[in-house]
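Participant: For reference, the structure I am asking about is given below.
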Amino acid sequence: MESKDKFFRRKSTLNCRGKILSLDTPLVMGILNVTPDSFYAGSRIRSLDDVLHRTEAMLRDGADILDLGGYSSRPGAAEVSVAEELDRVIPAVEAIMQRFPEAIISVDTFRAEVAEASIQAGASIINDIAGGNLDEAMFETVARLQVPYILMHMRGTPQTMNSLTDYNDLVLEVIDELQAKVAQLKNLGVNDIILDPGFGFAKTVDQNFELMRRLEELRILELPLLVGVSRKSMTYKYLGIDQTEALAGTIALNTIALTKGADILRVHDVKETKQTIQLYTKVAH
């Protein structure tokens with residue numbers, strides 16, 4: 001693994017509006033869903049008090065980044081208006097920054113208007129599940145704001161992605177589609193780009209396992225890699241269990257992801273993931 005790291009020289013820090021995050025040790029991104037219909041019921045938050053309680057717990061458990069989303073991206077999720085997404089996200093960002101000013105917030109949105117308002121409210125990172133496909137203004141907005149951008153691979157929309165799973169070579173096509181967008185972003189002057197291969201987005205359960213098996217191939221793009229498999233269908237559907245029982249499977253997959261070069265793990269369960277990283281790091285180094 002050491003030799004791979006030396007061959008693929010990825011960026012080792014992220015500039016989050018002046019706060020520097022080191023990627024020398026894998027980071028934990030805690031999921032904060034201010035939505036009534038997120039796929040995992042245990043992650044749904046319905047009030048600002050809940051947001052602050054969940055934030056406090058995640059920070060105490062060691063979350064490096066908080067990923068705040070106001071639009072459920074589960075398959076077949078209901079459409080949410082821009083106004084409603086802003087009403088969910090902006091007060092939450094403001095409340096977190098007022099109570100926990102050192103927190104680093106990522107906002108999970110594919111809309112440039114929500115991205116810009118979130119950064120103005122105090123967020124530091126934009127996490128775009130659509131990789132710029134659903135808002136043509138997103139790339140230019142991120143370039144102007146000069147914040148880290150998480151570029152995820154997806155086809156279609158949350159409403160249509162399950163019908164767009166035809167690939168000749170899944171991983172090569174994911175790499176090609178991401179590479180084209182990385183070139184656009186770099187031409188616009190975006191400095192910090194993080195790649196997310198999009199587990200569960202326009203991919204079947206079997207394709208998710210192929211993506212995990214070949215995850216290290218994405219290292220050729222020489223960019224930090226985020227993996228989000230927490231309590232997703234590739235765990236609970238394959239094992240024939242409920243999402244509430246999917247923590248052990250999630251930890252197993254995240255451990256595999258770490259061995260293949262994941263830099264950031266996006267999870268519902270921060271404490272357990274932090275412990276996983278501690279043990280992995282002790283063995284790997």
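Ordering of the structure tokens sets the chain letters (A, B, ...), residue numbers begin anew at 1 in every chain, and ligands are numbered from 1 in the order given.
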Which residues are near A:Asn208? Cut-off 7 Å, only C-alpha atoms, ignore same chain within fewer than 5 positions. Put them as a CSV table (one decimal) with all heavy atoms, in the first residue's frame.
Facilitator:
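Generated output (selection11.csv):
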```csv
chain,number,residue,atom,x,y,z
A,199,PHE,N,-21.7,5.1,-4.9
A,199,PHE,CA,-22.3,3.8,-4.6
A,199,PHE,C,-23.8,4.0,-4.4
A,199,PHE,O,-24.3,4.8,-3.7
A,199,PHE,CB,-21.7,3.3,-3.2
A,199,PHE,CG,-20.3,2.7,-3.4
A,199,PHE,CD1,-19.2,3.6,-3.1
A,199,PHE,CD2,-20.1,1.4,-3.8
A,199,PHE,CE1,-17.9,3.1,-3.3
A,199,PHE,CE2,-18.8,0.9,-3.9
A,199,PHE,CZ,-17.7,1.8,-3.7
A,200,GLY,N,-24.6,3.1,-5.1
A,200,GLY,CA,-26.0,3.2,-5.0
A,200,GLY,C,-26.7,4.1,-6.0
A,200,GLY,O,-27.9,4.2,-6.1
A,203,LYS,N,-26.5,2.5,-10.1
A,203,LYS,CA,-25.7,1.2,-10.0
A,203,LYS,C,-26.6,0.2,-9.3
A,203,LYS,O,-27.2,0.5,-8.2
A,203,LYS,CB,-24.4,1.5,-9.3
A,203,LYS,CG,-23.5,2.5,-10.0
A,203,LYS,CD,-22.4,2.9,-9.1
A,203,LYS,CE,-21.6,4.1,-9.8
A,203,LYS,NZ,-22.4,5.4,-9.7
A,234,MET,N,-26.5,-2.2,-0.7
A,234,MET,CA,-25.6,-3.2,-1.0
A,234,MET,C,-25.2,-4.0,0.3
A,234,MET,O,-24.7,-5.2,0.2
A,234,MET,CB,-24.3,-2.7,-1.6
A,234,MET,CG,-23.5,-1.8,-0.7
A,234,MET,SD,-22.0,-1.1,-1.6
A,234,MET,CE,-21.0,-2.5,-1.9
```
Participant: Find the residues around A:Pro148 up to 12 Å (only C-alpha atoms counted), leave out those fewer than 5 positions away in its own chain, and share them as a VMD selection string.
Facilitator: chain A and resid 11 13 to 21 104 to 107 115 119 123 to 128 139 141 to 143 185 to 186 189 to 195 223 to 224
Participant: Next, dump the selected residues to file, keeping only N, CA and C atoms, as a tab-separated table (two decimals), in the first residue's frame.
Facilitator:
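Saved result, selection.tsv, follows:
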```tsv
chain	number	residue	atom	x	y	z
A	11	LYS	N	-3.51	14.94	-3.60
A	11	LYS	CA	-3.49	16.12	-2.74
A	11	LYS	C	-3.73	15.66	-1.29
A	13	THR	N	-4.22	17.80	1.51
A	13	THR	CA	-4.94	18.72	2.38
A	13	THR	C	-6.14	19.32	1.63
A	14	LEU	N	-7.10	19.80	2.41
A	14	LEU	CA	-8.23	20.54	1.88
A	14	LEU	C	-8.30	21.88	2.58
A	15	ASN	N	-8.47	22.95	1.80
A	15	ASN	CA	-8.61	24.28	2.37
A	15	ASN	C	-10.09	24.61	2.50
A	16	CYS	N	-10.59	24.50	3.73
A	16	CYS	CA	-12.01	24.74	4.00
A	16	CYS	C	-12.19	26.14	4.57
A	17	ARG	N	-12.16	27.12	3.68
A	17	ARG	CA	-12.30	28.54	4.05
A	17	ARG	C	-11.30	28.92	5.14
A	18	GLY	N	-10.07	28.54	4.92
A	18	GLY	CA	-9.00	28.89	5.85
A	18	GLY	C	-8.69	27.83	6.89
A	19	LYS	N	-9.61	26.90	7.09
A	19	LYS	CA	-9.34	25.77	7.98
A	19	LYS	C	-8.75	24.64	7.14
A	20	ILE	N	-7.56	24.20	7.49
A	20	ILE	CA	-6.88	23.19	6.69
A	20	ILE	C	-7.15	21.80	7.27
A	21	LEU	N	-7.72	20.94	6.43
A	21	LEU	CA	-7.97	19.55	6.81
A	21	LEU	C	-6.89	18.68	6.19
A	104	ILE	N	-16.70	22.05	10.56
A	104	ILE	CA	-16.57	22.13	9.10
A	104	ILE	C	-17.80	21.45	8.50
A	105	ILE	N	-18.61	22.26	7.82
A	105	ILE	CA	-19.87	21.77	7.28
A	105	ILE	C	-19.77	21.62	5.77
A	106	SER	N	-20.18	20.45	5.31
A	106	SER	CA	-20.38	20.20	3.89
A	106	SER	C	-21.88	20.22	3.63
A	107	VAL	N	-22.31	20.87	2.55
A	107	VAL	CA	-23.73	20.86	2.22
A	107	VAL	C	-23.97	19.98	1.00
A	115	ALA	N	-26.05	25.95	-2.89
A	115	ALA	CA	-24.62	25.91	-2.58
A	115	ALA	C	-24.11	27.28	-2.16
A	119	ILE	N	-22.71	28.43	1.64
A	119	ILE	CA	-21.37	28.94	1.91
A	119	ILE	C	-21.45	30.30	2.58
A	123	ALA	N	-21.07	27.37	5.69
A	123	ALA	CA	-20.57	26.05	5.26
A	123	ALA	C	-19.24	26.20	4.55
A	124	SER	N	-18.51	25.08	4.41
A	124	SER	CA	-17.15	25.13	3.87
A	124	SER	C	-16.93	24.27	2.64
A	125	ILE	N	-17.82	23.29	2.39
A	125	ILE	CA	-17.63	22.31	1.32
A	125	ILE	C	-18.97	22.10	0.62
A	126	ILE	N	-18.93	21.87	-0.70
A	126	ILE	CA	-20.14	21.51	-1.44
A	126	ILE	C	-20.03	20.06	-1.87
A	127	ASN	N	-21.06	19.29	-1.57
A	127	ASN	CA	-21.13	17.87	-1.90
A	127	ASN	C	-22.27	17.69	-2.91
A	128	ASP	N	-21.91	17.52	-4.17
A	128	ASP	CA	-22.89	17.52	-5.27
A	128	ASP	C	-23.08	16.10	-5.80
A	139	PHE	N	-20.58	24.35	-11.43
A	139	PHE	CA	-19.12	24.39	-11.52
A	139	PHE	C	-18.59	25.81	-11.40
A	141	THR	N	-20.03	28.32	-10.01
A	141	THR	CA	-20.30	28.81	-8.65
A	141	THR	C	-19.24	28.33	-7.67
A	142	VAL	N	-18.90	27.05	-7.74
A	142	VAL	CA	-17.89	26.50	-6.85
A	142	VAL	C	-16.53	27.15	-7.11
A	143	ALA	N	-16.23	27.38	-8.38
A	143	ALA	CA	-14.96	28.02	-8.73
A	143	ALA	C	-14.90	29.44	-8.16
A	185	LEU	N	-13.55	21.38	-14.14
A	185	LEU	CA	-13.38	22.08	-12.86
A	185	LEU	C	-12.00	22.70	-12.74
A	186	LYS	N	-10.97	21.97	-13.15
A	186	LYS	CA	-9.61	22.51	-13.07
A	186	LYS	C	-9.44	23.70	-14.01
A	189	GLY	N	-10.58	26.68	-12.37
A	189	GLY	CA	-9.78	27.12	-11.22
A	189	GLY	C	-10.20	26.53	-9.89
A	190	VAL	N	-10.94	25.43	-9.90
A	190	VAL	CA	-11.30	24.77	-8.63
A	190	VAL	C	-10.08	24.00	-8.14
A	191	ASN	N	-9.64	24.31	-6.93
A	191	ASN	CA	-8.40	23.74	-6.40
A	191	ASN	C	-8.57	22.43	-5.66
A	192	ASP	N	-9.65	22.31	-4.92
A	192	ASP	CA	-9.86	21.13	-4.07
A	192	ASP	C	-11.04	20.32	-4.60
A	193	ILE	N	-10.75	19.20	-5.26
A	193	ILE	CA	-11.77	18.32	-5.81
A	193	ILE	C	-11.65	16.96	-5.11
A	194	ILE	N	-12.77	16.46	-4.62
A	194	ILE	CA	-12.83	15.14	-3.98
A	194	ILE	C	-13.74	14.28	-4.84
A	195	LEU	N	-13.34	13.05	-5.11
A	195	LEU	CA	-14.13	12.16	-5.95
A	195	LEU	C	-14.97	11.21	-5.10
A	223	LEU	N	-6.76	12.13	-6.97
A	223	LEU	CA	-7.56	13.03	-6.17
A	223	LEU	C	-8.09	12.30	-4.94
A	224	PRO	N	-8.37	13.03	-3.86
A	224	PRO	CA	-8.93	12.38	-2.67
A	224	PRO	C	-10.22	11.64	-3.02
```
Participant: Would you list, as number ranges by chain, the residues of stretch 123-270 of chain A that end up in alpha helix (DSSP H) under DSSP run on this structure's backbone?
Facilitator: A: 138-145, 170-188, 205-213, 233-239, 247-259, 270
Participant: Between A:Gln120, A:Gln243, A:Thr35, A:Gln159, single out the one closest to A:Glu84, counting only C-alpha atoms.
Facilitator: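 So, comparing all the options, the nearest one is A:Thr35.
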Participant: Which is closer to A:Val174 than all the others in A:Arg144, A:Lys237, A:Arg60, A:Arg214, using only C-alpha atoms?
Facilitator: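 When distances to A:Val174 are compared using only C-alpha atoms, the smallest one comes from A:Arg214.
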Participant: Between A:Gly122, A:Gly70, A:Pro36, A:Gly261, which residue has the minimum interatomic distance to A:Ala95, considering only C-alpha atoms?
Facilitator: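 Comparing A:Gly122, A:Gly70, A:Pro36, A:Gly261 against A:Ala95, the winner is A:Gly122.
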Participant: List the spatial neighbours of stretch 280-284 of chain A as a list in words - criterion: any atom at most 9 Å away, only C-alpha atoms, same-chain residues fewer than 3 positions off excluded.
Facilitator: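 Counting only C-alpha atoms, the residues come to Met1, Glu2, Thr25, Pro26, Thr255, Leu258, Thr259, Gln275, Thr276 and Ile277 of chain A.
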Participant: Counting only C-alpha atoms, which residue out of A:Gln207, A:Ser81, A:Gln179, A:Gln146 sits closest to A:Tyr167?
Facilitator: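 So, comparing all the options, the nearest one is A:Gln207.
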Participant: Between atom CA of A:Glu245 and atom CA of A:Met154, what is the distance in Å, rounded to a tenth?
Facilitator: 26.6 Å
Participant: Let me make sure I understand: among A:Asp61, A:Asp49, A:Glu116, A:Glu79, which one has the smallest atom-to-atom distance to A:Met29 if we use only C-alpha atoms?
Facilitator: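 Using only C-alpha atoms, the shortest distance to A:Met29 belongs to A:Asp61.
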Participant: Could you give me, as a list in words, each residue of stretch 76-268 of chain A that DSSP assigns to strand (DSSP E or B) when run on this structure's backbone?
Facilitator: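 Going through stretch 76-268 of chain A, the strand (DSSP E or B) residues come out as Ile105, Ser106, Val107, Asp108, Ile125, Ile126, Asn127, Asp128, Tyr149, Ile150, Leu151, Met152, Ile193, Ile194, Leu195, Asp196, Leu225, Leu226, Val227, Ile264, Leu265, Arg266 and Val267 of chain A.
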Participant: Given the selection you just returned, output its residues as a file containing N, CA and C atoms, formatted as a compact mmCIF listing (two decimals), in the first residue's frame.
Facilitator:
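So the final result, stored in out.txt, reads:
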```
# COMPACT_ATOMS: atom_id res chain seq x y z
N ILE A 105 -18.61 22.26 7.82
CA ILE A 105 -19.87 21.77 7.28
C ILE A 105 -19.77 21.62 5.77
N SER A 106 -20.18 20.45 5.31
CA SER A 106 -20.38 20.20 3.89
C SER A 106 -21.88 20.22 3.63
N VAL A 107 -22.31 20.87 2.55
CA VAL A 107 -23.73 20.86 2.22
C VAL A 107 -23.97 19.98 1.00
N ASP A 108 -24.86 19.02 1.19
CA ASP A 108 -25.20 18.03 0.18
C ASP A 108 -26.32 18.61 -0.70
N ILE A 125 -17.82 23.29 2.39
CA ILE A 125 -17.63 22.31 1.32
C ILE A 125 -18.97 22.10 0.62
N ILE A 126 -18.93 21.87 -0.70
CA ILE A 126 -20.14 21.51 -1.44
C ILE A 126 -20.03 20.06 -1.87
N ASN A 127 -21.06 19.29 -1.57
CA ASN A 127 -21.13 17.87 -1.90
C ASN A 127 -22.27 17.69 -2.91
N ASP A 128 -21.91 17.52 -4.17
CA ASP A 128 -22.89 17.52 -5.27
C ASP A 128 -23.08 16.10 -5.80
N TYR A 149 -14.93 20.83 -3.45
CA TYR A 149 -16.11 20.34 -4.16
C TYR A 149 -16.04 18.82 -4.26
N ILE A 150 -17.08 18.16 -3.77
CA ILE A 150 -17.17 16.70 -3.87
C ILE A 150 -17.93 16.38 -5.14
N LEU A 151 -17.23 15.76 -6.07
CA LEU A 151 -17.75 15.42 -7.39
C LEU A 151 -18.17 13.96 -7.38
N MET A 152 -19.48 13.73 -7.38
CA MET A 152 -19.97 12.35 -7.34
C MET A 152 -20.42 11.88 -8.71
N ILE A 193 -10.75 19.20 -5.26
CA ILE A 193 -11.77 18.32 -5.81
C ILE A 193 -11.65 16.96 -5.11
N ILE A 194 -12.77 16.46 -4.62
CA ILE A 194 -12.83 15.14 -3.98
C ILE A 194 -13.74 14.28 -4.84
N LEU A 195 -13.34 13.05 -5.11
CA LEU A 195 -14.13 12.16 -5.95
C LEU A 195 -14.97 11.21 -5.10
N ASP A 196 -16.21 11.02 -5.53
CA ASP A 196 -17.12 10.05 -4.92
C ASP A 196 -17.66 9.19 -6.05
N LEU A 225 -10.45 10.56 -2.30
CA LEU A 225 -11.57 9.67 -2.60
C LEU A 225 -12.51 9.57 -1.40
N LEU A 226 -13.78 9.86 -1.63
CA LEU A 226 -14.81 9.72 -0.60
C LEU A 226 -15.64 8.49 -0.90
N VAL A 227 -15.95 7.73 0.13
CA VAL A 227 -16.80 6.54 -0.03
C VAL A 227 -18.01 6.68 0.89
N ILE A 264 -12.00 9.66 2.81
CA ILE A 264 -13.11 10.17 3.61
C ILE A 264 -14.21 9.12 3.60
N LEU A 265 -14.74 8.79 4.78
CA LEU A 265 -15.87 7.88 4.89
C LEU A 265 -17.09 8.67 5.34
N ARG A 266 -18.14 8.63 4.51
CA ARG A 266 -19.39 9.35 4.82
C ARG A 266 -20.34 8.36 5.50
N VAL A 267 -20.69 8.65 6.76
CA VAL A 267 -21.37 7.63 7.57
C VAL A 267 -22.44 8.22 8.48
```
Participant: Pick from A:Lys232, A:Asp24, A:Gly156, A:Ala112: nearest to A:Met138, with only C-alpha atoms counted?
Facilitator: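 Once distances to A:Met138 are computed over only C-alpha atoms, the minimum belongs to A:Ala112.
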Participant: Quote the spacing between atom CA of A:Ile31 and atom CA of A:Asp67 in Å to one decimal place.
Facilitator: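 We find that atom CA of A:Ile31 and atom CA of A:Asp67 lie 5.0 Å from each other.
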Participant: If you count only C-alpha atoms, which residues fall within 9 Å of A:Val89, apart from same-chain ones fewer than 6 positions away, as number ranges by chain?
Facilitator: A: 34, 68-70, 107, 114, 118
Participant: Would you output that residue set with C-alpha atoms, as a PDB file, in the first residue's frame?
Facilitator:
```pdb
ATOM      1  CA  VAL A  34     -32.682  17.707   7.637  1.00  0.00           C
ATOM      2  CA  LEU A  68     -25.883  18.507   5.873  1.00  0.00           C
ATOM      3  CA  GLY A  69     -28.572  17.680   3.330  1.00  0.00           C
ATOM      4  CA  GLY A  70     -32.070  19.026   2.755  1.00  0.00           C
ATOM      5  CA  VAL A 107     -23.730  20.863   2.219  1.00  0.00           C
ATOM      6  CA  VAL A 114     -28.392  26.411  -2.407  1.00  0.00           C
ATOM      7  CA  SER A 118     -24.925  27.667   2.277  1.00  0.00           C
TER       8      SER A 118
END
```
Participant: Grab the atom CA of A:Gly62 to atom CA of A:Lys271 distance for me, in Å with one decimal place.
Facilitator: 6.6 Å
